[in-house]
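Raw contents of upload19.csv, CSV, C-alpha atoms:
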chain,number,residue,atom,x,y,z
A,1,MET,CA,28.4,-88.6,65.0
A,2,ARG,CA,28.0,-85.4,63.0
A,3,ALA,CA,28.7,-85.4,59.3
A,4,LEU,CA,31.9,-83.4,59.9
A,5,ASP,CA,33.1,-86.3,62.1
A,6,VAL,CA,32.2,-88.8,59.4
A,7,LEU,CA,34.7,-87.1,57.0
A,8,SER,CA,37.3,-86.5,59.7
A,9,ALA,CA,37.2,-90.1,61.1
A,10,ALA,CA,37.5,-91.4,57.5
A,11,LEU,CA,40.9,-89.6,57.4
A,12,VAL,CA,42.3,-89.9,60.9
A,13,GLY,CA,41.2,-93.2,61.3
A,14,ALA,CA,44.6,-95.2,62.6
A,15,VAL,CA,39.7,-99.8,74.7
A,16,VAL,CA,38.9,-103.1,78.4
A,17,VAL,CA,35.5,-104.6,78.1
A,18,THR,CA,34.9,-108.3,78.8
A,19,GLY,CA,31.7,-110.2,78.2
A,20,CYS,CA,29.1,-109.5,75.6
A,21,GLY,CA,27.5,-106.1,76.1
A,22,ASN,CA,29.5,-105.2,79.2
A,23,THR,CA,30.1,-101.5,79.1
A,24,GLN,CA,31.9,-101.1,82.5
A,25,GLY,CA,35.0,-99.0,81.9
A,26,ALA,CA,34.3,-98.8,78.2
A,27,ASN,CA,35.4,-95.2,78.0
A,28,GLU,CA,38.5,-95.6,80.2
A,29,LEU,CA,41.7,-96.0,78.2
A,30,GLY,CA,45.1,-96.9,79.6
A,31,GLY,CA,48.2,-98.1,77.9
A,32,ASP,CA,51.3,-96.4,76.7
A,33,PRO,CA,50.8,-93.1,74.9
A,34,ASN,CA,54.2,-93.3,73.2
A,35,VAL,CA,53.1,-94.9,70.0
A,36,PRO,CA,54.2,-93.7,66.6
A,37,LEU,CA,50.6,-92.9,65.4
A,38,GLY,CA,50.1,-90.4,68.3
A,39,THR,CA,53.6,-89.0,68.9
A,40,THR,CA,55.1,-88.3,65.5
A,41,VAL,CA,54.2,-84.6,65.0
A,42,GLY,CA,54.1,-83.8,61.3
A,43,SER,CA,53.1,-87.3,60.3
A,44,THR,CA,50.2,-87.6,57.9
A,45,ILE,CA,47.2,-89.9,57.5
A,46,THR,CA,45.9,-90.3,54.0
A,47,PRO,CA,43.5,-92.5,52.0
A,48,ILE,CA,45.0,-95.6,50.4
A,49,GLY,CA,44.2,-95.3,46.7
A,50,SER,CA,40.7,-94.1,46.0
A,51,ILE,CA,37.5,-93.4,48.0
A,52,THR,CA,34.9,-95.9,47.0
A,53,VAL,CA,31.3,-94.7,46.6
A,54,GLY,CA,29.0,-97.7,45.8
A,55,SER,CA,30.6,-99.4,42.8
A,56,SER,CA,32.6,-96.3,41.8
A,57,SER,CA,36.0,-95.1,42.9
A,58,VAL,CA,37.3,-91.5,43.0
A,59,SER,CA,40.6,-89.9,43.9
A,60,VAL,CA,40.0,-87.2,46.6
A,61,PRO,CA,42.9,-85.1,47.7
A,62,ALA,CA,42.7,-85.5,51.5
A,63,THR,CA,45.1,-85.6,54.5
A,64,ALA,CA,45.2,-85.4,58.2
A,65,THR,CA,48.4,-84.0,59.7
A,66,LEU,CA,49.4,-84.5,63.4
A,67,THR,CA,50.0,-81.0,64.7
A,68,SER,CA,50.2,-81.6,68.5
A,69,SER,CA,50.6,-84.4,71.0
A,70,SER,CA,50.6,-84.5,74.8
A,71,GLY,CA,50.2,-87.6,76.9
A,72,GLY,CA,48.4,-89.5,74.1
A,73,VAL,CA,45.9,-86.6,73.4
A,74,VAL,CA,46.6,-85.5,69.9
A,75,THR,CA,45.3,-83.0,67.4
A,76,PHE,CA,45.1,-83.6,63.7
A,77,HIS,CA,44.5,-80.9,61.1
A,78,VAL,CA,42.2,-82.4,58.4
A,79,ALA,CA,42.1,-81.0,54.9
A,80,ALA,CA,40.2,-82.3,51.9
A,81,ASP,CA,39.1,-81.2,48.5
A,82,LEU,CA,35.8,-82.8,47.3
A,83,SER,CA,35.4,-80.7,44.2
A,84,SER,CA,36.1,-83.7,41.9
A,85,ALA,CA,34.0,-86.1,44.0
A,86,PRO,CA,30.8,-87.6,42.7
A,87,GLN,CA,27.5,-86.1,43.8
A,88,ALA,CA,26.9,-89.1,46.1
A,89,LEU,CA,29.9,-88.0,48.2
A,90,LYS,CA,29.3,-84.3,47.8
A,91,SER,CA,25.9,-84.8,49.5
A,92,TYR,CA,27.7,-85.5,52.8
A,93,TYR,CA,29.6,-82.2,52.3
A,94,ASP,CA,26.3,-80.3,52.4
A,95,MET,CA,25.7,-81.5,56.0
A,96,LEU,CA,28.9,-79.8,57.2
A,97,PRO,CA,28.8,-76.6,59.2
A,98,SER,CA,30.0,-73.5,57.2
A,99,SER,CA,32.9,-73.0,59.7
A,100,VAL,CA,34.8,-75.9,58.2
A,101,LYS,CA,34.1,-75.3,54.6
A,102,THR,CA,36.8,-73.6,52.4
A,103,GLY,CA,36.4,-72.5,48.8
A,104,SER,CA,34.3,-74.8,46.6
A,105,TYR,CA,33.9,-78.2,48.3
A,106,GLY,CA,36.9,-77.8,50.5
A,107,VAL,CA,37.3,-78.9,54.1
A,108,ALA,CA,39.7,-77.6,56.8
A,109,THR,CA,39.3,-78.4,60.5
A,110,ASP,CA,41.0,-79.8,63.6
A,111,VAL,CA,40.0,-83.0,65.4
A,112,LYS,CA,41.2,-84.3,68.8
A,113,LEU,CA,41.8,-88.0,69.6
A,114,HIS,CA,43.3,-90.1,72.4
A,115,ILE,CA,45.7,-92.7,71.1
A,116,THR,CA,47.6,-95.3,73.2
A,117,SER,CA,48.9,-98.8,72.9
A,118,GLU,CA,45.4,-100.0,74.1
A,119,GLY,CA,43.2,-98.3,71.6
A,120,ILE,CA,41.7,-95.0,70.3
A,121,GLN,CA,39.1,-92.6,71.5
A,122,ASP,CA,37.6,-89.4,70.1
A,123,TYR,CA,36.0,-86.2,71.5
A,124,PHE,CA,33.5,-85.7,68.6
A,125,ASN,CA,30.4,-85.6,70.8
A,126,LYS,CA,28.9,-82.3,71.9
A,127,ASP,CA,30.1,-82.7,75.5
A,128,GLN,CA,33.7,-83.2,74.3
A,129,ALA,CA,33.9,-86.4,76.5
A,130,ALA,CA,36.3,-89.2,75.6
A,131,HIS,CA,34.4,-91.9,73.7
A,132,THR,CA,36.1,-95.1,72.7
A,133,ILE,CA,36.4,-96.0,69.1
A,134,VAL,CA,38.2,-99.3,69.6
A,135,LYS,CA,40.2,-101.3,72.2
A,136,TYR,CA,42.6,-103.7,70.8
A,137,ASP,CA,41.7,-106.5,73.2
A,138,ALA,CA,38.0,-106.2,72.3
A,139,GLN,CA,35.7,-109.2,71.8
A,140,VAL,CA,32.7,-109.5,69.6
A,141,GLY,CA,29.7,-108.0,71.4
A,142,ASP,CA,31.6,-105.4,73.4
A,143,LYS,CA,29.9,-102.0,73.4
A,144,TYR,CA,31.3,-98.5,73.9
A,145,GLU,CA,28.4,-96.3,75.0
A,146,LEU,CA,28.4,-92.7,75.8
A,147,THR,CA,25.3,-90.9,77.1
A,148,LYS,CA,25.5,-87.1,76.3
A,149,SER,CA,24.1,-84.3,78.4
A,150,ASP,CA,21.0,-84.1,76.2
A,151,GLY,CA,20.1,-87.7,77.2
A,152,ASN,CA,20.9,-89.3,73.9
A,153,THR,CA,23.3,-92.3,73.8
A,154,ILE,CA,25.9,-93.0,71.2
A,155,THR,CA,26.6,-96.8,70.8
A,156,ARG,CA,29.6,-98.4,69.2
A,157,THR,CA,29.5,-102.2,69.0
A,158,VAL,CA,32.3,-104.7,68.1
A,159,THR,CA,30.8,-106.8,65.4
A,160,ALA,CA,33.8,-108.9,64.2
A,161,ARG,CA,37.3,-109.8,65.2
A,162,SER,CA,39.6,-111.8,62.9
A,163,SER,CA,41.8,-114.5,64.3
A,164,THR,CA,43.9,-114.8,61.1
A,165,ASP,CA,45.5,-112.3,58.8
A,166,ASP,CA,42.6,-112.1,56.4
A,167,TYR,CA,42.1,-108.4,55.6
A,168,SER,CA,44.0,-106.9,52.6
A,169,TYR,CA,45.7,-103.7,53.6
A,170,GLY,CA,47.9,-102.4,50.9
A,171,PHE,CA,50.4,-105.1,50.2
A,172,LEU,CA,49.8,-106.8,53.6
A,173,LEU,CA,47.3,-109.2,55.1
A,174,ILE,CA,46.4,-108.1,58.7
A,175,LYS,CA,44.0,-109.0,61.5
A,176,THR,CA,41.2,-106.4,62.2
A,177,ILE,CA,38.5,-105.5,64.7
A,178,THR,CA,35.3,-104.2,63.2
A,179,VAL,CA,33.2,-101.6,65.1
A,180,GLU,CA,29.9,-100.3,64.0
A,181,GLN,CA,28.1,-97.1,65.3
A,182,ASP,CA,24.5,-96.3,65.1
A,183,SER,CA,23.5,-93.1,63.1
A,184,ARG,CA,21.1,-90.3,63.7
A,185,ILE,CA,21.8,-88.6,60.4
A,186,PRO,CA,18.8,-88.9,58.0
A,187,GLY,CA,19.7,-91.3,55.1
A,188,ILE,CA,22.6,-92.9,57.0
A,189,LYS,CA,22.1,-96.3,58.7
A,190,LYS,CA,25.5,-96.7,60.4
A,191,PHE,CA,29.2,-96.2,60.3
A,192,ARG,CA,31.7,-99.1,60.1
A,193,ILE,CA,35.3,-98.9,61.3
A,194,ARG,CA,38.1,-101.4,61.0
A,195,ALA,CA,41.1,-101.2,63.3
A,196,ASN,CA,44.4,-103.0,63.8
A,197,HIS,CA,46.6,-102.9,66.9
A,198,ARG,CA,49.7,-101.8,64.9
A,199,PHE,CA,48.1,-99.4,62.3
A,200,GLY,CA,45.2,-98.0,64.3
A,201,ILE,CA,42.1,-97.3,62.2
A,202,VAL,CA,42.6,-98.8,58.8
A,203,SER,CA,39.3,-98.2,57.1
A,204,PHE,CA,36.1,-96.3,57.5
A,205,GLU,CA,32.7,-96.8,55.8
A,206,ILE,CA,29.4,-95.1,55.7
A,207,VAL,CA,26.4,-97.3,55.2
A,208,ALA,CA,23.2,-95.6,53.8
A,209,ASP,CA,19.6,-96.6,54.5
A,210,ASP,CA,19.5,-98.4,51.1
A,211,ASP,CA,22.7,-100.3,52.1
A,212,SER,CA,24.9,-98.4,49.6
A,213,THR,CA,28.3,-97.5,51.0
A,214,ALA,CA,31.0,-94.9,50.8
A,215,GLY,CA,34.4,-95.5,52.4
A,216,THR,CA,38.2,-95.7,52.2
A,217,GLN,CA,41.2,-97.4,53.7
A,218,VAL,CA,43.7,-95.0,55.4
A,219,THR,CA,47.4,-95.2,56.3
A,220,SER,CA,49.7,-93.2,58.5
A,221,SER,CA,53.2,-92.1,57.5
A,222,ALA,CA,54.2,-92.8,61.1
A,223,THR,CA,53.6,-96.5,60.8

Would you mind giving the structure from this file in structure tokens?
Amino acid sequence: MRALDVLSAALVGAVVVTGCGNTQGANELGGDPNVPLGTTVGSTITPIGSITVGSSSVSVPATATLTSSSGGVVTFHVAADLSSAPQALKSYYDMLPSSVKTGSYGVATDVKLHITSEGIQDYFNKDQAAHTIVKYDAQVGDKYELTKSDGNTITRTVTARSSTDDYSYGFLLIKTITVEQDSRIPGIKKFRIRANHRFGIVSFEIVADDDSTAGTQVTSSAT
């Protein structure tokens, strides 16, 4: 995942494999595309509260607005202003291509997702192929692998699934599925995503090589 997609997924955040490590059909996504998260054009996804960087929190103006939807394939316009962010977060901005930078530490770009009642996929890879982020019936150990045309494989692994409402999400307690993705960005160890069958992606976290983290919870106005 490129650094651009790190920031995008943190905003737009919120597929069937059985048996540990079984990847058959991992990037096939069925289900009903008529879910609020993917059909309410004009709805927005925003961080809940502040973005946490290590032990510090900072308020970053950011939003992802649903601009188009067709059969579950949706486009979000992502905009963010990192000018007030701490240097630890601004360092990620330096990895972005100039085409998505606006002004001083601003971001503006479009991202495409596939959203259904079964889960969420993205098209962030260089081949623009559908790659599963999460399936809501996932079990711990499930993997969503995508081998690109350059021979490199992106691996996302389900590392946890709660059986009780144990994750604090705003004023609610909800069940979540945790998915981790390996990283090829220098200084970043992995990405960690939490998802819920009702709210989609509910949090996104970047884990650095020194185990420091930067992340946020997100919520959609459509849910």

Discussion item. Just want the 12 Å neighbourhood of Leu37 in chain A, counted on only C-alpha atoms, with same-chain residues fewer than 5 positions away dropped. Output as a ChimeraX atom specification.
Written reply: /A:12-14,32,42-45,64-69,72-76,113-117,119-120,196-202,219-223

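Between CA of Thr132 in chain A and CA of Gly151 in chain A the separation is 18.2 Å.
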
Residues of range 87-135 of chain A at most 12 Å from range 156-172 of chain A: nearest atom pair and distance in Å, all atoms listed in the file, as a Markdown table:
| residue | atom | partner | partner_atom | distance |
| --- | --- | --- | --- | --- |
| A:Gln121 | CA | A:Arg156 | CA | 11.4 |
| A:His131 | CA | A:Arg156 | CA | 9.2 |
| A:Thr132 | CA | A:Arg156 | CA | 8.1 |
| A:Ile133 | CA | A:Arg156 | CA | 7.2 |
| A:Val134 | CA | A:Val158 | CA | 8.1 |
| A:Lys135 | CA | A:Val158 | CA | 9.5 |

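The space between CA of Gly187 in chain A and CA of Asn125 in chain A spans 19.8 Å.
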
| message | When you count all atoms listed in the file, which of these residues is closest to Ser70 in chain A: A:Ser98, A:Thr40, A:Thr178, A:Ser91? | response |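 Among the listed residues, A:Thr40 lies closest to Ser70 in chain A.
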
Exercise: residues within 8 Å of coordinate (28.8, -85.8, 77.9), counting all atoms listed in the file, as JSON, numbers by chain: {"A": [125, 126, 127, 128, 129, 146, 147, 148, 149]}

Expressed in Å, the length from CA of Arg192 in chain A to CA of Asp209 in chain A is 13.6 Å

- request: For each of A:Asp81, A:Ser183, A:Ser57, A:Gln87, take the minimum atom-to-atom distance to Thr153 in chain A, counting only C-alpha atoms, then give the residue where this is smallest.
  value: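 Closest candidate: A:Ser183.
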
Give, as JSON, the centre coordinates and the x, y and z edge lengths in Å to one decimal for an axis-aligned box around all listed atoms of range 164-176 of chain A, padded by 4 Å on each side.
{"center_x": 45.8, "center_y": -108.6, "center_z": 56.2, "size_x": 17.2, "size_y": 20.4, "size_z": 20.0}
